[in-house]
Amino acid sequence: MDAHAPPTPAAHEPEHPSAVVYVKIGVVLFVLTALEVGLYEFTYGGHAGAGGAALQPFFVPVLLLMSAAKFALVAMFYMHLKQDNRLFTGVFVFPLIIATVIILALIVLEAYHFAFARSG
Amino acid sequence: MSDHAHAAAQHLETSTGLDSRKLAIWTFIGSECLFFATLISNYLVHKQTWLTGPGPFPHEEWVSPAGQHFEPIIEIPLVTLGTALLLFSSLFVVLALANAQRGNRNGLLLWLGMTIMCGLFFVGMQVYEFTHFVHKGLTLKTNLFGASFFTLTGFHGTHVTLGVIWLITLWIEAVRGRIPPAKSLNLEIAALYWHFVDVVWIVIFPVVYLIK
């Protein structure tokens with residue numbers, strides 16, 4: 001091989017996970033989705049019994065945690081952010097933080113608006 | 001040129017030392033985060049608001065002051081199936097990429113084909129759901145929930161549709177033998193877009209369908 005030949009883009013690519021790792025992550029994602037739906041069923045759905053009311057205070061936080069875990073697994077392993085250059089992580093995470101702040105700020109603003117409207 | 005300078009010149013083929021196309025798709029994905037954040041905020045702010053039209057609909061049964069009866073119409077099992085298939089499609093597309101990087105054309109065609117099938121099912125599921133909702137009385141104009149719901153899920157569905165078209169063109173290229181390992185980055189860029197569409201749905205699914 002010519003030592004002076006320009007490298008292909010793939011030459012700089014870090015090693016991606018093996019197919020076994022991809023499948024394991026896929027199973028975890030599937031289980032988390034099943035848990036999300038199961039939690040809904042036992043809290044508000046057709047299987048919600050007496051314990052459903054007890055689960056309600058934890059429903060939204062647990063659901064959001066599971067959703068965040070799925071999001072992180074796809075981004076880290078399937079989108080290769082765990083192995084790739086940190087610049088890609090920065091380009092993705094910085095707008096993601098702004099996006100989260102926008103959503104939270106609007107929810108707080110709206111909650112304040114409703115509370116203010118009700119109190120007159 | 002010294003060995004060190006030569007090595008540096010090889011590494012810095014672009015100003016960042018990274019492939020510009022990959023950096024471009026990540027920048028695009030970053031901007032898409034903000035786009036979907038506005039749509040999700042819009043939905044969250046308006047989902048409990050119904051200035052006109054039916055009230056807490058479609059999550060709950062509701063009778064209007066005029067006596068009109070509205071059934072809850074969200075179908076969790078169908079959407080869960082669509083969600084699972086979208087998650088599986090993310091797995092399939094990374095398996096397709098791994099095969100493309102190894103030069104295994106048959107594996108690439110198989111897994112990419114499976115990804116496309118999952119994407120098509122998801123789009124079909126959404127078309128069925130939208131049609132079902134319209135027949136039950138929920139349209140863009142029904143109430144603020146309807147407007148924000150159709151805008152959010154409709155834009156996501158459009159992204160999935162564009163992703164499916166992109167993947168079909170890559171599958172045709174692969175059939176013609178035009179995706180050798182050296183060009184696997186073309187598939188990796190499309191896969192990054194596809195995974196982003198998947199992670200957006202990971203947020204939309206609980207926020208829209210599970211949290212009342």
# chains A, B, ... in the order shown; residues from 1 in each chain; ligands from 1
call {"tool": "closest_atom_pairs", "arguments": {"of": "chain B", "to": "chain A", "cutoff": "7 Å", "atoms": "only C-alpha atoms", "output": "JSON lines"}}
result
{"residue": "B:Gln10", "atom": "CA", "partner": "A:Pro6", "partner_atom": "CA", "distance": 6.4}
{"residue": "B:Asp19", "atom": "CA", "partner": "A:Pro9", "partner_atom": "CA", "distance": 6.3}
{"residue": "B:Leu23", "atom": "CA", "partner": "A:Phe88", "partner_atom": "CA", "distance": 6.7}
{"residue": "B:Trp26", "atom": "CA", "partner": "A:Phe88", "partner_atom": "CA", "distance": 6.3}
{"residue": "B:Thr27", "atom": "CA", "partner": "A:Val91", "partner_atom": "CA", "distance": 5.9}
{"residue": "B:Ile29", "atom": "CA", "partner": "A:Phe92", "partner_atom": "CA", "distance": 6.8}
{"residue": "B:Gly30", "atom": "CA", "partner": "A:Phe92", "partner_atom": "CA", "distance": 4.8}
{"residue": "B:Ser31", "atom": "CA", "partner": "A:Pro95", "partner_atom": "CA", "distance": 6.9}
{"residue": "B:Cys33", "atom": "CA", "partner": "A:Leu96", "partner_atom": "CA", "distance": 5.9}
{"residue": "B:Leu34", "atom": "CA", "partner": "A:Ala99", "partner_atom": "CA", "distance": 5.2}
{"residue": "B:Ala37", "atom": "CA", "partner": "A:Ala99", "partner_atom": "CA", "distance": 5.2}
{"residue": "B:Ser41", "atom": "CA", "partner": "A:Ile103", "partner_atom": "CA", "distance": 5.0}
{"residue": "B:Val45", "atom": "CA", "partner": "A:Ile107", "partner_atom": "CA", "distance": 6.4}
{"residue": "B:Ala84", "atom": "CA", "partner": "A:Phe30", "partner_atom": "CA", "distance": 6.5}
{"residue": "B:Phe88", "atom": "CA", "partner": "A:Gly26", "partner_atom": "CA", "distance": 6.8}
{"residue": "B:Leu91", "atom": "CA", "partner": "A:Gly26", "partner_atom": "CA", "distance": 6.0}
{"residue": "B:Val94", "atom": "CA", "partner": "A:Tyr78", "partner_atom": "CA", "distance": 6.4}
{"residue": "B:Leu95", "atom": "CA", "partner": "A:Ala19", "partner_atom": "CA", "distance": 6.4}
{"residue": "B:Ala182", "atom": "CA", "partner": "A:Ala10", "partner_atom": "CA", "distance": 6.8}
{"residue": "B:Leu192", "atom": "CA", "partner": "A:Met79", "partner_atom": "CA", "distance": 5.9}
{"residue": "B:His195", "atom": "CA", "partner": "A:Met79", "partner_atom": "CA", "distance": 6.7}
{"residue": "B:Val199", "atom": "CA", "partner": "A:Phe71", "partner_atom": "CA", "distance": 5.5}
{"residue": "B:Ile202", "atom": "CA", "partner": "A:Ser67", "partner_atom": "CA", "distance": 6.2}
{"residue": "B:Val203", "atom": "CA", "partner": "A:Ser67", "partner_atom": "CA", "distance": 6.3}
{"residue": "B:Pro206", "atom": "CA", "partner": "A:Leu63", "partner_atom": "CA", "distance": 6.9}
{"residue": "B:Leu210", "atom": "CA", "partner": "A:Tyr40", "partner_atom": "CA", "distance": 6.4}
{"residue": "B:Ile211", "atom": "CA", "partner": "A:Val60", "partner_atom": "CA", "distance": 6.8}
call {"tool": "residues_around", "arguments": {"residues": "Tyr193 of chain B", "least_positions_apart": "3", "cutoff": "8 Å", "atoms": "only C-alpha atoms", "output": "VMD selection string"}}
result
chain B and resid 25 29 163 189 to 190 196 to 197
call {"tool": "atom_distance", "arguments": {"atom1": "atom CA of Gly17 of chain B", "atom2": "atom CA of Leu187 of chain B"}}
result
20.3 Å
call {"tool": "atom_distance", "arguments": {"atom1": "atom CA of Val164 of chain B", "atom2": "atom CA of Val93 of chain B"}}
result
11.5 Å
call {"tool": "residues_around", "arguments": {"residues": "His159 of chain B", "least_positions_apart": "5", "cutoff": "12 Å", "atoms": "only C-alpha atoms", "output": "tab-separated table (two decimals) with N, CA and C atoms, in the first residue's frame"}}
result
chain	number	residue	atom	x	y	z
B	29	ILE	N	-29.38	17.32	12.32
B	29	ILE	CA	-30.12	16.64	13.39
B	29	ILE	C	-30.26	17.57	14.61
B	32	GLU	N	-32.97	19.89	13.95
B	32	GLU	CA	-34.25	19.17	14.01
B	32	GLU	C	-34.72	19.00	15.46
B	35	PHE	N	-36.61	22.02	16.16
B	35	PHE	CA	-37.88	21.99	15.41
B	35	PHE	C	-38.92	21.16	16.15
B	36	PHE	N	-38.52	19.94	16.56
B	36	PHE	CA	-39.49	19.07	17.24
B	36	PHE	C	-39.77	19.57	18.66
B	119	GLY	N	-40.51	0.68	8.27
B	119	GLY	CA	-40.86	2.08	8.03
B	119	GLY	C	-42.19	2.20	7.31
B	122	PHE	N	-45.01	1.50	9.66
B	122	PHE	CA	-45.26	2.63	10.56
B	122	PHE	C	-46.07	3.72	9.85
B	123	VAL	N	-45.68	4.02	8.60
B	123	VAL	CA	-46.41	5.06	7.84
B	123	VAL	C	-47.86	4.59	7.62
B	152	LEU	N	-47.93	17.75	15.20
B	152	LEU	CA	-46.76	17.04	15.73
B	152	LEU	C	-46.56	15.68	15.07
B	153	THR	N	-47.60	14.84	15.12
B	153	THR	CA	-47.44	13.48	14.59
B	153	THR	C	-47.36	13.49	13.06
B	154	GLY	N	-48.02	14.48	12.44
B	154	GLY	CA	-47.97	14.59	10.98
B	154	GLY	C	-46.57	14.94	10.50
B	164	VAL	N	-37.99	6.69	4.55
B	164	VAL	CA	-38.26	5.46	3.79
B	164	VAL	C	-37.83	5.65	2.33
B	165	ILE	N	-38.16	6.81	1.75
B	165	ILE	CA	-37.78	7.07	0.35
B	165	ILE	C	-36.25	7.07	0.21
B	166	TRP	N	-35.58	7.70	1.16
B	166	TRP	CA	-34.11	7.74	1.16
B	166	TRP	C	-33.54	6.31	1.22
B	193	TYR	N	-30.01	9.73	10.24
B	193	TYR	CA	-31.32	10.40	10.09
B	193	TYR	C	-32.43	9.47	10.59
B	194	TRP	N	-32.34	8.20	10.20
B	194	TRP	CA	-33.38	7.23	10.58
B	194	TRP	C	-33.44	7.05	12.10
B	195	HIS	N	-32.26	6.96	12.74
B	195	HIS	CA	-32.23	6.82	14.19
B	195	HIS	C	-32.81	8.07	14.86
B	196	PHE	N	-32.56	9.24	14.27
B	196	PHE	CA	-33.11	10.46	14.86
B	196	PHE	C	-34.64	10.42	14.82
B	197	VAL	N	-35.18	9.99	13.68
B	197	VAL	CA	-36.64	9.86	13.56
B	197	VAL	C	-37.17	8.90	14.64
B	198	ASP	N	-36.40	7.87	14.93
B	198	ASP	CA	-36.76	6.90	15.95
B	198	ASP	C	-36.73	7.53	17.35
B	200	VAL	N	-37.04	10.61	18.16
B	200	VAL	CA	-38.14	11.58	18.30
B	200	VAL	C	-39.42	10.84	18.68
B	201	TRP	N	-39.64	9.68	18.05
B	201	TRP	CA	-40.85	8.90	18.38
B	201	TRP	C	-40.77	8.35	19.80
call {"tool": "atom_distance", "arguments": {"atom1": "atom CA of Tyr128 of chain B", "atom2": "atom CA of Thr158 of chain B"}}
result
14.6 Å
call {"tool": "select_by_dssp", "arguments": {"residues": "segment 78-120 of chain A", "states": "helix (DSSP H, G or I)", "output": "number ranges by chain"}}
result
A: 78, 86-119
